[in-house]
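Enquirer: Would you mind keeping the following structure in view while I ask a few things?
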Amino acid sequence: MTYERYGQQPLDAYARSLELQENAIEEIPEAASSNYRGKTSYAPYPMIYMEEGEGVTITDVDGNEYIDFHCGVSSIINGHNPEQQLSVVREQLDRGAYFATTYELEAETASLVNDLVPGSDRTKFISTGTEAVMTAMRLARAYTGKDKILKFEGMYHGHTDYALMNYHPPTEALGTRRNPNTIPDANGIPRKTLETVESIPWNDIDLLEEKLDREGDEIAAVITEATLSNSGLLWPEDDYLDRLRELTREHDVLFILDEVVTGFRIALGGAQEYFDIEPDLAIYGKSLANGYPCAAVTGREEVMEFIGTGSDEATFMGTFSGHPMAVAATKGNLELLADRDDDAYERLRARGETLVSGLRDILADAGYNALVPDFAGFTYVHFCDEDSNPEEWTEWRDVDGNIDIEMYERFASEVIGEGVFFPPKFGRINLTHEHTDEHIEAALEASKTAAQRL
Ligand SMILES: Cc1ncc(COP(=O)(O)O)c(C=O)c1O
């Protein structure tokens, strides 16, 4: 295979990564377990094999150091390997892996989540955001006795068959706004499954109202994120989330808030705190455990208590759901977040705003029509078509076809070559509580160099 260079770095600087990648291609489809970190995500650049991280510095197998802004696809919020989290993990590690019984830490950690998340009376742990979404959807169906789930175009809710549709569909295939076609984002999803989930454009309250008026008696739940976080970070229109709450309540439809990205990132209490909204169920992952595989379904007591073994209730299982190691990581992480001073999230946001405004200036000075969205614990860099006006974008159909993803990837490769790890593929640029003003300055310096070289 032939590879492009990261910025001005010779390919030799990644010699060990290249060797490992060539070997992995023979063993793992896409050379990594998740396609997101696989060879296509990096191509035409080499996959970088990271070896260790401390705070916000990560080091690859060739000894190259980077300031990390990829942050475990938004899962690192307290920096890498914070001692306070590690000590809880270590203590659990020494006790043995798993005994198929519950254990003291499980309810203690659920109690921490219930204290920190505004609308959470009860919490169940599971391993991934995907499974948490799947569980919340089943719970909503069981609780309401209705089958259909309504999601929004451009929203990603994990890779289950019940959610991987109309995530990044081509707009021309979607059809009308009122009755869009359902387009799977992967091959192999049964047609019958696609019939159980419908999507409409996000951020259009009239459309939602009309849909619920027409079909509310068939819809068990509306699932949404508070921001459109996987399609370029668009913010909700004023009142959109409040109206969504009111409308779902009026139609006896559950409101599932997917906080896998926003949870413990946009604020300590996630989007529920930041936007002051009260979903019936909410889903957490990523920053919940600062890089470890733990996710959670939380919500109102009345709905959560419908998880049970009775004939009407929804079953919830999984050998490794709430695994002691993952829960210990969650406990250590949440305790560390709770111990931070009251201004920690304000400081994180202020640094994010400095990053955002710096990136905007750099890209405007270099002559690009770029969108760097307002900070939500993360942002993006979009190179937009000359004639598009990204300030007016509100939904996936606006984004689709109007950003130059290849240009972003070239930009990111230049930034990475300067020792700043932006997501190599279209993705979120994140901060943690451990990023300092100096790290932001370094990222801006690298971005300036990259923008000039493009
Ligand atoms: C909003 C959202 N929901 C759900 C998921 C699925 O989480 P996981 O990758 O842990 O299965 C993701 C993953 O990126 C996500 O961004």
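Note on naming: chains are A, B, ... as they come in the structure tokens, residues start from 1 per chain, ligands start from 1 in the order shown.
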Give the residue list for ligand 1 at 6 Å, counting only C-alpha atoms and all ligand atoms, as a list in words, sorted by chain and then by residue number.

Expert: Thr128, Gly129, Thr130, Tyr156, His157, Gly158, Asp258, Val260, Val261 and Gly285 of chain A

Enquirer: Using only C-alpha atoms, which residues sit within 10 Å of Asn369 in chain A once same-chain residues fewer than 2 positions away are excluded, as a ChimeraX atom specification?

Expert: /A:360,363-364,366-367,371,382-390,403

Enquirer: Just checking: using only C-alpha atoms, which residue out of A:Ala226, A:Leu194, A:Leu268, A:Ala100 ends up closest to Pro118 in chain A?

Expert: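 Nearest to Pro118 in chain A: A:Leu268.
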
Enquirer: What does the distance between CA of Gly377 in chain A and CA of Asp239 in chain A come to in Å, to one decimal place?

Expert: 21.1 Å

Enquirer: So, with only C-alpha atoms as the atoms that count, which of A:Ile405, A:Ala221, A:Val415, A:Val73 lies closest to Thr262 in chain A?

Expert: A:Val73

Enquirer: Between A:Leu93, A:Leu254, A:Ala289, A:Ile440, which is the closest to Glu302 in chain A once you count only C-alpha atoms?

Expert: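 The shortest atom-to-atom distance to Glu302 in chain A comes from A:Leu254.
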
Enquirer: Taking the DSSP secondary structure from the backbone, can you list the residues of range 225-429 of chain A that are strand (DSSP E), as a list of chain:residue names?

Expert: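 Filtering range 225-429 of chain A down to strand (DSSP E) leaves A:Leu254, A:Phe255, A:Ile256, A:Leu257, A:Asp258, A:Leu281, A:Ala282, A:Ile283, A:Tyr284, A:Ala295, A:Ala296, A:Val297, A:Thr298, A:Gly299, A:Ala370, A:Leu371, A:Phe378, A:Thr379, A:His382, A:Phe383, A:Val420, A:Phe421, A:Ile429.
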
Enquirer: Please produce an output containing C-alpha atoms for each residue in the selection, written as a PDB file, in the first residue's frame.

Expert:
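That gives us result.pdb:
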ATOM      1  CA  LEU A 254     -41.903   8.778  25.798  1.00  0.00           C
ATOM      2  CA  PHE A 255     -39.044  11.213  25.288  1.00  0.00           C
ATOM      3  CA  ILE A 256     -35.692   9.390  25.168  1.00  0.00           C
ATOM      4  CA  LEU A 257     -32.733  11.757  25.366  1.00  0.00           C
ATOM      5  CA  ASP A 258     -29.527  10.296  23.956  1.00  0.00           C
ATOM      6  CA  LEU A 281     -35.445   8.174  29.765  1.00  0.00           C
ATOM      7  CA  ALA A 282     -31.850   9.172  29.085  1.00  0.00           C
ATOM      8  CA  ILE A 283     -28.861   7.261  27.828  1.00  0.00           C
ATOM      9  CA  TYR A 284     -25.233   7.737  28.844  1.00  0.00           C
ATOM     10  CA  ALA A 295     -23.115   2.910  29.515  1.00  0.00           C
ATOM     11  CA  ALA A 296     -26.323   3.564  31.396  1.00  0.00           C
ATOM     12  CA  VAL A 297     -30.058   3.812  30.938  1.00  0.00           C
ATOM     13  CA  THR A 298     -31.564   6.221  33.426  1.00  0.00           C
ATOM     14  CA  GLY A 299     -34.934   7.830  33.920  1.00  0.00           C
ATOM     15  CA  ALA A 370     -15.703  27.361   7.209  1.00  0.00           C
ATOM     16  CA  LEU A 371     -18.103  26.462   9.990  1.00  0.00           C
ATOM     17  CA  PHE A 378     -16.688  19.702  21.558  1.00  0.00           C
ATOM     18  CA  THR A 379     -16.781  21.350  18.149  1.00  0.00           C
ATOM     19  CA  HIS A 382     -16.220  22.102   8.409  1.00  0.00           C
ATOM     20  CA  PHE A 383     -15.005  23.364   5.091  1.00  0.00           C
ATOM     21  CA  VAL A 420      -1.985  17.781  17.738  1.00  0.00           C
ATOM     22  CA  PHE A 421      -4.386  14.840  17.483  1.00  0.00           C
ATOM     23  CA  ILE A 429     -12.784  18.021  18.399  1.00  0.00           C
TER      24      ILE A 429
END

Enquirer: State, in Å with one decimal place, the distance from CA of His159 in chain A to CA of Arg397 in chain A.

Expert: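 So the two atoms, CA of His159 in chain A and CA of Arg397 in chain A, lie 21.2 Å apart.
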
Enquirer: Which neighbours of Thr135 in chain A fall inside 10 Å, counting only C-alpha atoms, when residues of the same chain fewer than 2 positions from it are skipped, and could you give them as a ChimeraX atom specification?

Expert: /A:124,126,129-133,137-141,283,296-297,307,314-317

Enquirer: Using only C-alpha atoms for the distances, tell me which of A:Ser34, A:Glu391, A:Pro201, A:Gly419 is nearest to Gly175 in chain A.

Expert: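 Closest to Gly175 in chain A of all the choices is A:Pro201.
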